[in-house]
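Asks: Take a look at this one; I'll ask things after.
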Amino acid sequence: MTEANPFLAYQQAQSGQTTPPPVSVSPTQNPATVSPTANDQAAQYAAWLASQAAAAQAAPAPVAPPVDPAYAAFLAAQQTAPVAPPTAPVAAPVDPAYAAFLASQQVPAAQFIAPAPAGHNGASSAGTDPFDDPAPPRPKGPRLDDMYGRLLLIIPKGMDKGKSTETDGTVTTYDRMSADVIVLDGPDMPYGGKPNGRPPTPHDRVANIPHREVAMYVSAKALISQSRDAWAKRQRSEPGMVLGRLAYGEQPADPKLQAPWILEKANDSDRAVARQYLATIDPFA
């Protein structure tokens with residue numbers, strides 16, 4: 001350990017040197033940067049800063065001013081209370097008849113937006129033209145004359161009234177049934193032409209069996225009468241249908257009148273054929 005020099009004051013006096021006075025520095029300034037001889041003041045200043053920092057940490061936190069309990073409850077209610085959605089305006093009542101009229105005047109937008117497939121002439125409408133070209137006339141299908149003796153399944157689809165004009169100009173009405181008529185048995189069925197015409201022309205078409213004639217108009221009174229129970233079931237959303245073999249009824253006394261069309265009752269074999277066909281279709285369709 002180095003001892004202090006006891007002759008330091010004497011040597012300084014002989015050489016004309018004196019101990020410099022302590023350096024005075026500002027509290028915000030490091031004494032060591034003011035004078036190299038101020039190391040003692042620097043140590044004291046550092047100790048003072050440490051004491052000030054410790055005092056600041058030990059100081060108690062400021063106490064918040066008291067809050068009125070009623071005002072505090074009001075603030076809490078404002079933060080937690082759900083905001084009710086705005087009430088929608090109540091629409092004025094509309095006359096049902098007028099509403100139905102407006103709905104009938106509106107055209108579904110889909111027919112202008114959805115692109116339509118190629119028309120009947122093969123040209124695409126590009127989704128902007130709502131009009132289709134006229135479809136070719138539906139070709140005439142088989143008539144009851146062509147179905148004579150065949151096993152028929154008749155599915156009624158509708159009933160209405162038809163009109164006919166007599167030779168004397170009088171107009172008469174008659175019952176008319178729209179039905180799907182399915183021919184279930186026999187070989188391929190020729191039809192078309194006018195084999196009973198004057199002059200006769202032979203059949204020019206052939207239908208494969210089973211053959212389904214969709215929405216065929218039937219005006220034969222006996223067939224309509226025999227289909228009345230099936231039509232009642234269809235109106236109750238049940239699969240009403242009539243199965244029988246097409247035949248002639250009793251010849252009227254007037255030779256000018258033709259024998260009516262009727263359905264003869266089907267046997268077990270006929271019913272088995274019909275069940276086999278129904279397994280491939282939807283009877284409600």
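Residues in the structure tokens are numbered from 1 in each chain, the chains being A, B, ... in the order shown, and ligands are numbered from 1 in the order shown.
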Find the residues around A:Tyr248 up to 8 Å (only C-alpha atoms counted), leave out those fewer than 4 positions away in its own chain, and share them as an mmCIF file with N, CA and C atoms, in the first residue's frame.

Replies:
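Output file around.cif is given in full below:
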data_model
loop_
_atom_site.group_PDB
_atom_site.id
_atom_site.type_symbol
_atom_site.label_atom_id
_atom_site.label_comp_id
_atom_site.auth_asym_id
_atom_site.auth_seq_id
_atom_site.Cartn_x
_atom_site.Cartn_y
_atom_site.Cartn_z
ATOM 1 N N ALA A 259 -117.935 -47.541 -82.413
ATOM 2 C CA ALA A 259 -117.859 -48.148 -81.084
ATOM 3 C C ALA A 259 -116.872 -47.349 -80.235
ATOM 4 N N PRO A 260 -117.158 -47.118 -78.959
ATOM 5 C CA PRO A 260 -116.272 -46.302 -78.109
ATOM 6 C C PRO A 260 -115.004 -47.062 -77.734
ATOM 7 N N TRP A 261 -113.973 -46.286 -77.432
ATOM 8 C CA TRP A 261 -112.747 -46.866 -76.900
ATOM 9 C C TRP A 261 -112.947 -47.161 -75.414
ATOM 10 N N ILE A 262 -112.482 -48.327 -74.966
ATOM 11 C CA ILE A 262 -112.545 -48.681 -73.557
ATOM 12 C C ILE A 262 -111.250 -49.381 -73.164
#

Asks: Let me make sure I understand: among A:Pro66, A:Pro142, A:Gly149, A:Pro210, which one has the smallest atom-to-atom distance to A:Lys194 if we use only C-alpha atoms?

Replies: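 Once distances to A:Lys194 are computed over only C-alpha atoms, the minimum belongs to A:Pro142.
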
Asks: Figure out the distance between atom CA of A:Asp270 and atom CA of A:Leu184, please, to one decimal in Å.

Replies: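 According to the coordinates, atom CA of A:Leu184 and atom CA of A:Asp270 are separated by 8.8 Å.
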
Asks: I need the residues of stretch 212-264 of chain A that end up classed as helix (DSSP H, G or I) by DSSP on the backbone, written out as a count of residues only.

Replies: 14

Asks: Applying 8 Å and only C-alpha atoms, which residues near A:Val183 remain after dropping the ones on its own chain fewer than 2 positions away? List them as a list in words.

Replies: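 That gives Met147, Arg150, Leu151, Leu152, Leu153, Val181, Asp185, Ile209, Pro210, His211 and Arg212 of chain A.
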
Asks: Enter the distance from atom CA of A:Lys233 to atom CA of A:Asp145, in Å, rounded to one decimal.

Replies: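 Taking atom CA of A:Lys233 as the start and atom CA of A:Asp145 as the end point, the length is 27.7 Å.
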